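Participant: Dropping in run.txt, which is compact mmCIF, C-alpha atoms:
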```
# COMPACT_ATOMS: atom_id res chain seq x y z
CA MET A 171 102.02 68.15 99.58
CA PRO A 172 105.16 68.85 97.51
CA GLU A 173 107.43 71.53 98.91
CA LEU A 174 106.98 74.92 97.27
CA LYS A 175 110.28 76.47 96.25
CA PHE A 176 110.89 79.94 94.86
CA LYS A 177 113.91 81.80 93.60
CA HIS A 178 116.21 83.84 95.78
CA PRO A 179 114.70 87.30 96.49
CA ALA A 180 117.25 89.00 94.22
CA ALA A 181 115.95 86.88 91.34
CA LEU A 182 112.30 87.69 91.99
CA PRO A 183 110.47 89.93 89.49
CA ARG A 184 110.95 93.61 90.28
CA PRO A 185 107.28 94.16 91.32
CA TRP A 186 107.68 91.43 93.92
CA ARG A 187 110.80 92.99 95.38
CA GLY A 188 108.92 96.27 95.62
CA LEU A 189 105.96 94.56 97.26
CA ALA A 190 108.21 92.88 99.81
CA ALA A 191 109.68 96.25 100.71
CA ARG A 192 106.27 97.90 101.06
CA LEU A 193 104.90 95.12 103.22
CA ALA A 194 108.04 95.00 105.35
CA HIS A 195 107.61 98.67 106.25
CA LEU A 196 103.98 98.52 107.35
CA LEU A 197 103.80 100.35 110.65
CA PRO A 198 101.82 98.78 113.52
CA ALA A 199 100.16 102.16 114.10
CA VAL A 200 98.32 101.95 110.78
CA LEU A 201 97.25 98.33 111.15
CA LEU A 202 93.79 97.47 112.40
CA PRO A 203 93.44 94.32 114.54
CA ALA A 204 91.67 91.92 112.21
CA ARG A 205 88.82 91.17 114.61
CA ARG A 206 87.79 94.85 114.42
CA ALA A 207 87.61 94.82 110.62
CA PRO A 208 84.47 94.64 108.48
CA ALA A 209 83.73 90.98 107.81
CA ASN A 210 82.28 89.26 104.77
CA THR A 211 78.64 88.58 105.61
CA GLY A 212 77.97 86.64 102.43
CA THR A 213 77.77 82.86 102.22
CA GLU A 214 79.38 82.42 98.81
CA GLN A 215 82.23 79.96 98.53
CA GLY A 216 84.00 81.29 95.46
CA SER A 217 84.19 80.59 91.75
CA SER A 218 86.69 80.28 88.92
CA MET A 219 87.37 83.85 87.89
CA THR A 220 89.67 86.10 85.94
CA THR A 221 90.19 89.78 86.55
CA SER A 222 89.06 92.72 84.49
CA THR A 223 91.35 95.52 83.43
CA PRO A 224 91.35 97.96 86.37
CA ASP A 225 91.00 101.69 86.15
CA ALA A 226 94.22 103.31 87.32
CA THR A 227 92.69 104.76 90.46
CA ASP A 228 95.07 104.27 93.38
CA LEU A 229 93.86 104.09 96.92
CA THR A 230 94.76 107.05 99.09
CA GLY A 231 94.07 105.36 102.39
CA GLN A 232 90.41 106.36 102.49
CA GLY A 233 88.52 103.09 102.86
CA SER A 234 91.76 101.15 102.47
CA LEU A 235 91.87 97.97 104.57
CA ARG A 236 95.01 97.35 106.64
CA LEU A 237 94.91 94.34 108.96
CA ILE A 238 97.15 92.29 111.21
CA ALA A 239 96.45 88.74 112.40
CA LEU A 240 98.17 87.32 115.48
CA ASP A 241 95.91 84.38 116.27
CA ALA A 242 93.34 82.05 114.70
CA GLU A 243 90.47 84.45 115.37
CA ASP A 244 92.24 87.29 113.59
CA LEU A 245 93.10 84.98 110.69
CA ALA A 246 89.43 84.01 110.33
CA VAL A 247 88.54 87.68 109.79
CA LEU A 248 91.30 88.03 107.17
CA SER A 249 89.85 84.94 105.53
CA CYS A 250 86.41 86.54 105.33
CA ASN A 251 87.76 89.68 103.73
CA LEU A 252 89.93 87.75 101.26
CA GLN A 253 87.28 85.22 100.25
CA ASP A 254 87.14 84.95 96.44
CA ALA A 255 90.36 86.92 96.00
CA VAL A 256 92.01 86.17 92.65
CA VAL A 257 95.71 85.24 92.82
CA ARG A 258 98.09 84.51 89.97
CA VAL A 259 100.82 81.93 90.49
CA GLN A 260 103.44 84.49 89.42
CA ASP A 261 102.36 86.65 92.37
CA LEU A 262 103.26 84.04 95.01
CA ALA A 263 106.64 84.29 96.72
CA PHE A 264 108.46 82.48 99.54
CA ILE A 265 111.57 84.16 100.94
CA PRO A 266 113.28 81.52 103.11
CA GLU A 267 115.93 83.89 104.48
CA GLN A 268 113.19 86.08 105.94
CA HIS A 269 110.87 83.17 106.82
CA ARG A 270 108.20 85.04 104.87
CA PHE A 271 105.51 83.94 102.42
CA ALA A 272 103.69 86.69 100.52
CA PHE A 273 101.32 87.19 97.64
CA LEU A 274 99.44 89.82 95.67
CA ALA A 275 95.71 89.39 95.04
CA SER A 276 92.71 91.07 93.47
CA ARG A 277 90.44 91.26 96.50
CA PHE A 278 86.64 91.47 96.25
CA ASP A 279 85.53 94.17 98.71
CA TRP A 280 82.72 92.49 100.63
CA ALA A 281 82.19 95.48 102.91
CA ALA A 282 81.72 97.75 99.88
CA ALA A 283 79.30 95.20 98.40
CA ASP A 284 77.14 95.46 101.52
CA ALA A 285 76.94 99.19 100.77
CA GLY A 286 75.92 98.54 97.16
CA GLN A 287 79.34 99.03 95.53
CA MET A 288 80.77 96.10 93.55
CA GLU A 289 84.53 96.60 93.65
CA ARG A 290 87.84 94.81 93.63
CA CYS A 291 91.21 96.18 94.67
CA ARG A 292 94.82 95.08 94.72
CA ALA A 293 95.93 93.77 98.07
CA GLY A 294 99.13 92.36 99.52
CA LEU A 295 99.36 89.74 102.26
CA HIS A 296 102.38 88.28 103.97
CA PHE A 297 102.97 85.67 106.66
CA ASP A 298 106.07 85.76 108.88
CA HIS A 299 107.79 83.00 110.90
CA VAL A 300 107.20 80.53 108.05
CA THR A 301 109.47 77.48 108.19
CA LYS A 302 108.12 75.48 105.23
CA VAL A 303 105.74 75.94 102.30
CA SER A 304 103.99 73.11 100.47
CA SER A 305 101.44 73.12 97.67
CA THR A 306 99.00 70.85 95.89
CA GLY A 307 96.50 70.94 93.04
CA PHE A 308 98.13 73.47 90.68
CA ASP A 309 101.09 73.78 88.34
CA ARG A 310 103.66 76.07 89.94
CA THR A 311 105.48 76.43 86.62
CA ASN A 312 102.42 77.97 84.96
CA ARG A 313 103.00 81.53 86.10
CA ASN A 314 99.83 82.83 84.44
CA ALA A 315 97.55 80.33 86.15
CA VAL A 316 94.80 81.95 88.22
CA LEU A 317 93.85 80.71 91.69
CA ASN A 318 90.63 81.63 93.48
CA LEU A 319 91.11 81.86 97.25
CA LEU A 320 88.30 80.34 99.31
CA SER A 321 89.66 80.48 102.86
CA LEU A 322 92.55 80.83 105.29
CA SER A 323 92.66 78.58 108.35
CA PHE A 324 95.03 77.75 111.20
CA GLU A 325 95.54 74.43 112.95
CA GLU A 326 97.71 74.50 116.06
CA THR A 327 100.23 71.68 116.47
CA SER A 328 102.46 72.74 119.36
CA ALA A 329 101.43 76.15 120.70
CA PRO A 330 101.99 78.68 119.31
CA ALA A 331 103.25 76.80 116.23
CA GLY A 332 100.96 75.20 113.70
CA THR A 333 99.86 75.07 110.09
CA ILE A 334 98.15 77.77 108.04
CA MET A 335 96.16 76.44 105.09
CA LEU A 336 95.30 78.52 102.03
CA THR A 337 92.43 76.73 100.28
CA PHE A 338 91.63 77.54 96.66
CA SER A 339 88.86 76.40 94.36
CA GLY A 340 89.41 73.31 92.24
CA GLY A 341 91.22 71.38 94.98
CA ALA A 342 94.32 73.61 95.02
CA GLY A 343 95.98 74.54 98.29
CA ILE A 344 99.09 75.95 99.96
CA ARG A 345 100.21 74.87 103.42
CA LEU A 346 102.45 77.04 105.59
CA ASP A 347 104.27 75.56 108.58
CA VAL A 348 104.62 78.48 110.98
CA GLU A 349 106.14 79.13 114.39
CA CYS A 350 103.12 81.32 115.19
CA VAL A 351 100.36 83.26 113.47
CA ASP A 352 101.79 86.58 112.24
CA ALA A 353 100.13 87.96 109.11
CA GLN A 354 99.64 91.41 107.67
CA MET A 355 97.30 92.45 104.87
CA ARG A 356 97.04 95.80 103.14
CA ASP A 357 95.05 97.20 100.23
CA LEU A 358 97.60 98.60 97.79
CA GLY A 359 95.42 99.86 94.92
CA PRO A 360 94.21 100.28 92.28
CA ARG A 361 90.45 99.81 92.79
CA TRP A 362 87.97 99.02 90.04
CA THR A 363 84.37 97.99 89.43
CA ALA A 364 83.55 94.26 89.57
CA HIS A 365 80.94 93.02 87.13
CA HIS A 366 79.60 90.27 89.38
CA LYS A 367 79.40 89.34 93.02
CA PRO A 368 81.23 86.03 93.51
CA GLY A 369 78.89 83.16 94.23
CA HIS A 370 78.13 79.49 93.87
CA ALA A 371 74.35 79.41 94.02
CA ILE A 372 73.13 75.96 92.95
CA ASP A 373 71.11 77.31 90.02
CA ASP A 374 73.77 79.78 88.83
CA ALA A 375 76.72 79.22 86.55
CA PRO A 376 80.17 80.31 87.81
CA VAL A 377 80.75 83.98 87.17
CA GLY A 378 83.85 86.05 86.52
CA ASP A 379 85.00 89.63 86.88
```
Show the structure stored in the file as structure tokens.
Facilitator:
Amino acid sequence: MPELKFKHPAALPRPWRGLAARLAHLLPAVLLPARRAPANTGTEQGSSMTTSTPDATDLTGQGSLRLIALDAEDLAVLSCNLQDAVVRVQDLAFIPEQHRFAFLASRFDWAAADAGQMERCRAGLHFDHVTKVSSTGFDRTNRNAVLNLLSLSFEETSAPAGTIMLTFSGGAGIRLDVECVDAQMRDLGPRWTAHHKPGHAIDDAPVGD
């Protein structure tokens, strides 16, 4: 995979600098170990989607998901909850000086769907102890391109180091070389109604929100 390079943090768009600050100040006391989080019980594998215009309803913490992953099992739970999240290329950032890779996403709330509510929300995720980022299958210069996240996975190389793979639909992917698994995810708001539940049933056409 070609190496993924981003601008110096000072040159990042202002929303990204704000996101980095918010994620950096997540307190361990408010983070739920990922293996205790509600998991996606669906079997869908994602679709090509765009996002709808959200209602400006910010989360207040009620029902907001805040997770930390420190091993492969934790990361698998994050993967379940982020399945079919929509990510724009402009919302990806690698900060080499902090060994951090982060992104913003529109997350489909699978736990809410189990309760009969079809919703998406804005979420932020960052990985620490990242030594290298590589990508394949998408044009990094097309900042408006939309990626549909299918899964997160970890392959150990020399414990505790290894590779975290972000797999997207259409053959796109991002590979993170990490010293260990150390990820944090948080719902940031707003939250809005999704028109469809993501899915790839054989007899259904791809759907979008």
Participant: Considering all atoms listed in the file, tabulate each residue of range 254-306 of chain A that lies at most 10 Å from range 347-364 of chain A along with its nearest interatomic pair and the corresponding distance in Å to one decimal; arrange the rows by chain and ascending residue number and present them as JSON lines.
Facilitator:
```
{"residue": "A:His269", "atom": "CA", "partner": "A:Val348", "partner_atom": "CA", "distance": 8.9}
{"residue": "A:Arg270", "atom": "CA", "partner": "A:Ala353", "partner_atom": "CA", "distance": 9.6}
{"residue": "A:Phe271", "atom": "CA", "partner": "A:Ala353", "partner_atom": "CA", "distance": 9.5}
{"residue": "A:Ala272", "atom": "CA", "partner": "A:Ala353", "partner_atom": "CA", "distance": 9.4}
{"residue": "A:Phe273", "atom": "CA", "partner": "A:Met355", "partner_atom": "CA", "distance": 9.8}
{"residue": "A:Leu274", "atom": "CA", "partner": "A:Leu358", "partner_atom": "CA", "distance": 9.2}
{"residue": "A:Ala275", "atom": "CA", "partner": "A:Asp357", "partner_atom": "CA", "distance": 9.4}
{"residue": "A:Ser276", "atom": "CA", "partner": "A:Arg361", "partner_atom": "CA", "distance": 9.1}
{"residue": "A:Arg277", "atom": "CA", "partner": "A:Asp357", "partner_atom": "CA", "distance": 8.4}
{"residue": "A:Phe278", "atom": "CA", "partner": "A:Ala364", "partner_atom": "CA", "distance": 7.9}
{"residue": "A:Asp279", "atom": "CA", "partner": "A:Ala364", "partner_atom": "CA", "distance": 9.4}
{"residue": "A:Ala283", "atom": "CA", "partner": "A:Ala364", "partner_atom": "CA", "distance": 9.8}
{"residue": "A:Gln287", "atom": "CA", "partner": "A:Thr363", "partner_atom": "CA", "distance": 8.0}
{"residue": "A:Met288", "atom": "CA", "partner": "A:Ala364", "partner_atom": "CA", "distance": 5.2}
{"residue": "A:Glu289", "atom": "CA", "partner": "A:Thr363", "partner_atom": "CA", "distance": 4.4}
{"residue": "A:Arg290", "atom": "CA", "partner": "A:Trp362", "partner_atom": "CA", "distance": 5.5}
{"residue": "A:Cys291", "atom": "CA", "partner": "A:Arg361", "partner_atom": "CA", "distance": 4.2}
{"residue": "A:Arg292", "atom": "CA", "partner": "A:Gly359", "partner_atom": "CA", "distance": 4.8}
{"residue": "A:Ala293", "atom": "CA", "partner": "A:Asp357", "partner_atom": "CA", "distance": 4.1}
{"residue": "A:Gly294", "atom": "CA", "partner": "A:Arg356", "partner_atom": "CA", "distance": 5.4}
{"residue": "A:Leu295", "atom": "CA", "partner": "A:Met355", "partner_atom": "CA", "distance": 4.3}
{"residue": "A:His296", "atom": "CA", "partner": "A:Gln354", "partner_atom": "CA", "distance": 5.6}
{"residue": "A:Phe297", "atom": "CA", "partner": "A:Ala353", "partner_atom": "CA", "distance": 4.4}
{"residue": "A:Asp298", "atom": "CA", "partner": "A:Asp352", "partner_atom": "CA", "distance": 5.5}
{"residue": "A:His299", "atom": "CA", "partner": "A:Glu349", "partner_atom": "CA", "distance": 5.5}
{"residue": "A:Val300", "atom": "CA", "partner": "A:Val348", "partner_atom": "CA", "distance": 4.4}
{"residue": "A:Thr301", "atom": "CA", "partner": "A:Asp347", "partner_atom": "CA", "distance": 5.6}
{"residue": "A:Lys302", "atom": "CA", "partner": "A:Asp347", "partner_atom": "CA", "distance": 5.1}
{"residue": "A:Val303", "atom": "CA", "partner": "A:Asp347", "partner_atom": "CA", "distance": 6.5}
{"residue": "A:Ser304", "atom": "CA", "partner": "A:Asp347", "partner_atom": "CA", "distance": 8.5}
```
Participant: Considering all atoms listed in the file, state which residue in the set A:Ala315, A:Ser323, A:Phe308, A:His366 is at the smallest distance from Gly341 in chain A.
Facilitator: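 Among the listed residues, the smallest separation from Gly341 in chain A belongs to A:Phe308.
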Participant: In Å, rounded to a single decimal, give me how far CA of Thr337 in chain A is from CA of Ala239 in chain A.
Facilitator: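 Result for CA of Ala239 in chain A versus CA of Thr337 in chain A: 17.5 Å, one decimal.
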Participant: Using CA of Leu245 in chain A and CA of Ala331 in chain A as the two end points, give the distance in Å to one decimal.
Facilitator: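 One can read the CA of Leu245 in chain A to CA of Ala331 in chain A distance as 14.2 Å.
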Participant: What does the structure give for the distance between CA of Leu248 in chain A and CA of Ala285 in chain A, in Å to one decimal?
Facilitator: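 Computing it gives 19.3 Å between the two atoms.
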Participant: Would you please work out which residue, of A:Ser249, A:Trp280, A:Ile344, A:His365, is nearest to Phe264 in chain A when using only C-alpha atoms?
Facilitator: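 Closest residue, counting only C-alpha atoms: A:Ile344.
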Participant: I'd like to know which of A:Ala242, A:Leu237, A:Cys250, A:Leu262 is closest to Ser321 in chain A, using only C-alpha atoms.
Facilitator: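 Result for the nearest residue to Ser321 in chain A: A:Cys250.
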